[in-house]
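Q: The structure under discussion is supplied below as structure tokens; questions concerning it will follow.
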Amino acid sequence: MKPQAKSILAALAVSCAWMALPFEESGAIAQQTPISARFHLGGNAAEIPARFVDYLVFLPAGINESQPSLFQLDSTAATSSIDPGRAAELGLASLQSPVLNLSGVDFSLASLTAASKKDFGARVGRTYEGTLGSDFFSSVVIELDYSRQTVRLYDPATYQYSGRGKGMKLALVAGLPVVHAKVVVSGGKPVEGDFIVNTALDASFVISQKFAQSHKLLEHVKTIASTDFQPDGGAVLARIKEFELGPFAVMETIGAFPRENSLADTVPHLAGEIGGGMLRRFVVTFDYPHQQIIFDPGSDIRVDEFEDMSGIALAAGGPDLKRFEVTQVWPGTPAADAKIKKGDIIAGVNDEAAADMSLAEIRRLFRQPASKYKLLIQRGSETMTVNLQLRHLLYLRVG
């Protein structure tokens with residue numbers, strides 16, 4: 001967790017809390033507390049059996065040869081950390097000079113911070129165990145292949161990129177990795193800005209309040225409320241004609257516009273954040289040592305993006321995070337038409353027990369166009385079945 005950070009409302013159903021940071025700017029990647037990486041058998045690369053939850057990335061790692069924990073890969077976290085409860089479970093008496101054990105490579109850290117993340121389980125649907133932050137990113141070259149769901153780590157001393165992707169300058173602003181990008185709204189002129197690359201954000205991108213207002217980005221586009229699990233909602237969503245990263249243009253993607261200050265709003269001149277919903281369209285290589293990020297278009301580069309079409313905000317709860325509670329129903333949506341109410345529990349979908357599903361799986365179902373689901377609902381002591389017919393709330397433009 002970054003010093004003096006404060007949580008604000010999330011942008012999408014699975015988005016992580018945006019954090020405010022003290023302002024500090026540099027044109028190059030700043031040096032973090034050194035982490036020494038040692039690849040096994042004298043090698044210079046390792047493939048990690050990562051786990052992807054929607055577009056969030058988790059790496060299994062042990063501490064001093066302990067049982068592995070799933071650490072979230074977070075390019076906006078100042079340092080790597082472990083949840084205090086998880087550290088206690090592992091019997092870690094000290095977090096000084098630990099060795100982080102990943103498949104094929106070990107990392108020697110000066111220390112590992114103990115930090116928890118409130119409401120992480122409710123938002124993501126899995127227990128929070130730890131974070132790999134900027135100190136980790138600075139020590140190796142990290143390749144994220146979202147379509148194949150693989151992560152590869154390379155020794156920066158020997159790394160040379162040989163693909164057909166595009167390398168872009170990666171700068172550090174307020175301790176955050178930043179690249180230049182362009183936004184085009186329907187009927188508007190292209191606008192350019194610097195965006196934080198945030199691997200812990202599930203949304204495609206977030207536009208800061210200041211940037212959106214100064215360029216009048218929402219004047220001529222339809223918006224809907226984000227299906228955030230928090231009761232008052234944290235953002236509105238809008239379909240954007242084009243988002244450009246270097247030579248690559250992603251069409252008809254969905255941006256989040258927070259009602260309160262986002263992480264980018266806390267740093268002068270930043271336009272917003274780029275999250276996993278955009279990154280998943282590429283093989284993305286974070287090369288901090290050489291101050292670049294490489295985007296190589298993947299199989300999802302032209303895949304249509306769909307919003308939540310239910311109008312239901314969900315949060316996971318219970319001991320195993322298998323209790324899926326409706327925390328908000330937006331007016332004028334299919335969920336409102338179906339008389340679903342705040343506080344309802346989704347106990348089943350199409351005759352499958354919700355306990356056999358994950359929060360991410362249910363949310364993916366609610367992003368399938370024209371789908372119809374039979375939901376088993378628990379409302380207090382009453383159990384009922386309702387039919388939910390999804391429909392577009394943000395239409396794709398034709399032509």
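Each chain in the structure tokens gets a letter, A, B and so on, in the order shown; residues start at 1 in every chain, and ligands are counted from 1 in the order they appear.
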So that I can see what lies close to Phe366 (chain A), please list as a list in words the residues with an atom at most 6 Å from it, counting only C-alpha atoms and leaving out residues fewer than 3 positions away in the same chain.
A: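 Answer for this query is Asp308, Met309, Ser310 and Arg363 of chain A.
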Q: Output C-alpha atoms for every residue in the selection just made, as a JSON list (two decimals), in the first residue's frame.
A:
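result_13.json was written with the following content:
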```json
[["chain", "number", "residue", "atom", "x", "y", "z"],
["A", 308, "ASP", "CA", -22.79, -5.11, -17.90],
["A", 309, "MET", "CA", -26.31, -5.55, -19.33],
["A", 310, "SER", "CA", -28.11, -6.55, -16.16],
["A", 363, "ARG", "CA", -20.26, -10.95, -14.07]]
```
Q: Residues near region 87-91 of chain A, anyone? I mean within 9 Å using only C-alpha atoms, not counting same-chain ones fewer than 3 positions away, as a VMD selection string.
A: chain A and resid 63 66 to 67 82 to 84 94 to 95 114 129
Q: Quick one: write out the picked residues with N, CA and C atoms as a PDB file, in the first residue's frame?
A:
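Contents of the output file out.pdb:
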```pdb
ATOM      1  N   ILE A  63       7.257 -17.495   0.353  1.00  0.00           N
ATOM      2  CA  ILE A  63       8.175 -16.634   1.107  1.00  0.00           C
ATOM      3  C   ILE A  63       9.078 -17.541   1.926  1.00  0.00           C
ATOM      4  N   SER A  66       7.969 -21.078   1.788  1.00  0.00           N
ATOM      5  CA  SER A  66       6.666 -21.386   2.374  1.00  0.00           C
ATOM      6  C   SER A  66       5.710 -21.880   1.301  1.00  0.00           C
ATOM      7  N   GLN A  67       4.517 -22.287   1.727  1.00  0.00           N
ATOM      8  CA  GLN A  67       3.456 -22.562   0.773  1.00  0.00           C
ATOM      9  C   GLN A  67       3.177 -21.300  -0.047  1.00  0.00           C
ATOM     10  N   ILE A  82       2.540  -8.117   1.734  1.00  0.00           N
ATOM     11  CA  ILE A  82       1.779  -9.327   2.014  1.00  0.00           C
ATOM     12  C   ILE A  82       0.696  -8.980   3.030  1.00  0.00           C
ATOM     13  N   ASP A  83      -0.445  -9.624   2.900  1.00  0.00           N
ATOM     14  CA  ASP A  83      -1.515  -9.411   3.858  1.00  0.00           C
ATOM     15  C   ASP A  83      -1.075  -9.913   5.236  1.00  0.00           C
ATOM     16  N   PRO A  84      -1.286  -9.133   6.300  1.00  0.00           N
ATOM     17  CA  PRO A  84      -0.841  -9.556   7.637  1.00  0.00           C
ATOM     18  C   PRO A  84      -1.437 -10.893   8.074  1.00  0.00           C
ATOM     19  N   SER A  94       9.169 -12.835  10.793  1.00  0.00           N
ATOM     20  CA  SER A  94       9.824 -11.594  10.379  1.00  0.00           C
ATOM     21  C   SER A  94       9.673 -11.426   8.872  1.00  0.00           C
ATOM     22  N   LEU A  95       9.485 -10.169   8.448  1.00  0.00           N
ATOM     23  CA  LEU A  95       9.412  -9.859   7.021  1.00  0.00           C
ATOM     24  C   LEU A  95      10.651  -9.103   6.562  1.00  0.00           C
ATOM     25  N   ALA A 114       3.824  -5.386   5.414  1.00  0.00           N
ATOM     26  CA  ALA A 114       2.556  -6.018   5.766  1.00  0.00           C
ATOM     27  C   ALA A 114       1.445  -5.000   5.536  1.00  0.00           C
ATOM     28  N   GLU A 129      -4.103 -11.780  -0.721  1.00  0.00           N
ATOM     29  CA  GLU A 129      -2.964 -12.368  -0.032  1.00  0.00           C
ATOM     30  C   GLU A 129      -1.706 -11.517  -0.125  1.00  0.00           C
TER      31      GLU A 129
END
```
Q: With a distance cut-off of 8 Å and only C-alpha atoms, select the neighbouring residues of region 155-161 of chain A, excluding the residue or stretch itself and same-chain residues fewer than 2 positions from it, and output the selection as a short mmCIF file (atom, residue, chain, number, x, y, z; two decimals) with C-alpha atoms, in the first residue's frame.
A:
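out09.cif was written with the following content:
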```cif
data_model
loop_
_atom_site.label_atom_id
_atom_site.label_comp_id
_atom_site.auth_asym_id
_atom_site.auth_seq_id
_atom_site.Cartn_x
_atom_site.Cartn_y
_atom_site.Cartn_z
CA ALA A 37 16.59 -11.71 -9.01
CA PHE A 39 17.06 -17.40 -12.13
CA ASN A 44 17.74 -15.85 -17.80
CA ALA A 45 13.98 -16.43 -18.18
CA SER A 139 13.97 -5.84 -11.12
CA VAL A 140 12.96 -7.88 -14.20
CA VAL A 141 11.34 -7.56 -17.62
CA LEU A 153 10.03 -12.95 -16.53
CA GLY A 163 8.74 -9.48 -31.88
CA ASP A 287 10.67 -3.18 -19.41
CA PRO A 289 15.23 -1.23 -16.83
#
```
Q: Taking 2 positions as the minimum chain separation for residues in the same chain, which residues sit within 12 Å of Leu109 (chain A) when counting only C-alpha atoms? Answer as number ranges by chain.
A: A: 32-38, 63-64, 79-81, 95-101, 106-107, 111-113, 132, 135-136, 139
Q: Which is closer to Gly193 (chain A) than all the others in A:Met357, A:Val329, A:Ala335, A:Val179, using only C-alpha atoms?
A: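 Smallest distance to Gly193 (chain A) is found for A:Val179.
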Q: Where in region 145-393 of chain A does DSSP assign strand (DSSP E), given as a count of residues only?
A: 110
Q: Using only C-alpha atoms for the distances, tell me which of A:Glu252, A:Glu260, A:Glu65, A:Glu242 is nearest to Lys210 (chain A).
A: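 So, comparing all the options, the nearest one is A:Glu260.
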Q: Tell me which protein, DNA and RNA residues are within 9 Å of Ile240 (chain A), counting only C-alpha atoms, leaving out same-chain ones fewer than 5 positions away, and put them as an MDAnalysis selection string.
A: chainID A and resid 183:186 221 251:255
Q: Just the selected residues (N, CA and C atoms), exported as an mmCIF file, in the first residue's frame, please.
A:
```
data_model
loop_
_atom_site.group_PDB
_atom_site.id
_atom_site.type_symbol
_atom_site.label_atom_id
_atom_site.label_comp_id
_atom_site.auth_asym_id
_atom_site.auth_seq_id
_atom_site.Cartn_x
_atom_site.Cartn_y
_atom_site.Cartn_z
ATOM 1 N N VAL A 183 -7.368 9.752 -27.316
ATOM 2 C CA VAL A 183 -8.780 9.395 -27.179
ATOM 3 C C VAL A 183 -9.571 10.137 -28.244
ATOM 4 N N VAL A 184 -10.496 9.423 -28.903
ATOM 5 C CA VAL A 184 -11.369 10.040 -29.897
ATOM 6 C C VAL A 184 -12.810 9.712 -29.527
ATOM 7 N N VAL A 185 -13.629 10.732 -29.278
ATOM 8 C CA VAL A 185 -15.045 10.518 -29.021
ATOM 9 C C VAL A 185 -15.825 10.804 -30.294
ATOM 10 N N SER A 186 -16.997 10.214 -30.401
ATOM 11 C CA SER A 186 -17.816 10.399 -31.588
ATOM 12 C C SER A 186 -18.165 11.880 -31.756
ATOM 13 N N VAL A 221 -22.010 12.006 -25.722
ATOM 14 C CA VAL A 221 -22.034 10.553 -25.638
ATOM 15 C C VAL A 221 -23.014 10.117 -24.568
ATOM 16 N N MET A 251 -11.160 0.176 -31.255
ATOM 17 C CA MET A 251 -12.407 0.843 -31.581
ATOM 18 C C MET A 251 -13.522 0.470 -30.608
ATOM 19 N N GLU A 252 -14.406 1.441 -30.352
ATOM 20 C CA GLU A 252 -15.644 1.218 -29.606
ATOM 21 C C GLU A 252 -15.414 0.588 -28.232
ATOM 22 N N THR A 253 -14.404 1.058 -27.554
ATOM 23 C CA THR A 253 -14.133 0.553 -26.219
ATOM 24 C C THR A 253 -14.896 1.388 -25.189
ATOM 25 N N ILE A 254 -14.964 0.890 -23.964
ATOM 26 C CA ILE A 254 -15.771 1.525 -22.925
ATOM 27 C C ILE A 254 -14.861 2.155 -21.882
ATOM 28 N N GLY A 255 -15.061 3.443 -21.644
ATOM 29 C CA GLY A 255 -14.281 4.157 -20.651
ATOM 30 C C GLY A 255 -15.094 4.448 -19.408
#
```
Q: I'd like to know which of A:Leu170, A:Ala315, A:Val386, A:Ile293 is closest to Pro334 (chain A), using only C-alpha atoms.
A: A:Val386
Q: Select from region 353-397 of chain A everything DSSP, run on the backbone, classes as alpha helix (DSSP H), then give the selection as a PyMOL selection string.
A: chain A and resi 359-365
Q: With C-alpha atoms retained, write the just-selected residues as a PDB file, in the first residue's frame.
A:
```
ATOM      1  CA  LEU A 359     -18.042 -13.701  -8.891  1.00  0.00           C
ATOM      2  CA  ALA A 360     -16.076 -13.136 -12.099  1.00  0.00           C
ATOM      3  CA  GLU A 361     -18.018 -15.896 -13.891  1.00  0.00           C
ATOM      4  CA  ILE A 362     -21.385 -14.397 -12.967  1.00  0.00           C
ATOM      5  CA  ARG A 363     -20.263 -10.950 -14.065  1.00  0.00           C
ATOM      6  CA  ARG A 364     -19.096 -12.362 -17.402  1.00  0.00           C
ATOM      7  CA  LEU A 365     -22.539 -13.920 -17.925  1.00  0.00           C
TER       8      LEU A 365
END
```
Q: Would you list the contacts of Ala256 (chain A) as number ranges by chain, taking every protein, DNA or RNA residue within 12 Å and counting only C-alpha atoms, but skipping same-chain residues closer than 2 positions in sequence?
A: A: 9-13, 15, 201-209, 212, 217-218, 223-228, 233-240, 253-254, 258-260, 262, 272-275, 277, 307
Q: Please list as number ranges by chain every residue within 12 Å of Gln149 (chain A), counting only C-alpha atoms and excluding residues in the same chain fewer than 3 positions away.
A: A: 47-59, 143-146, 152, 280-284, 298
Q: State, in Å with one decimal place, the distance from CA of Leu390 (chain A) to CA of Asp304 (chain A).
A: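 These two atoms are separated by 16.7 Å.
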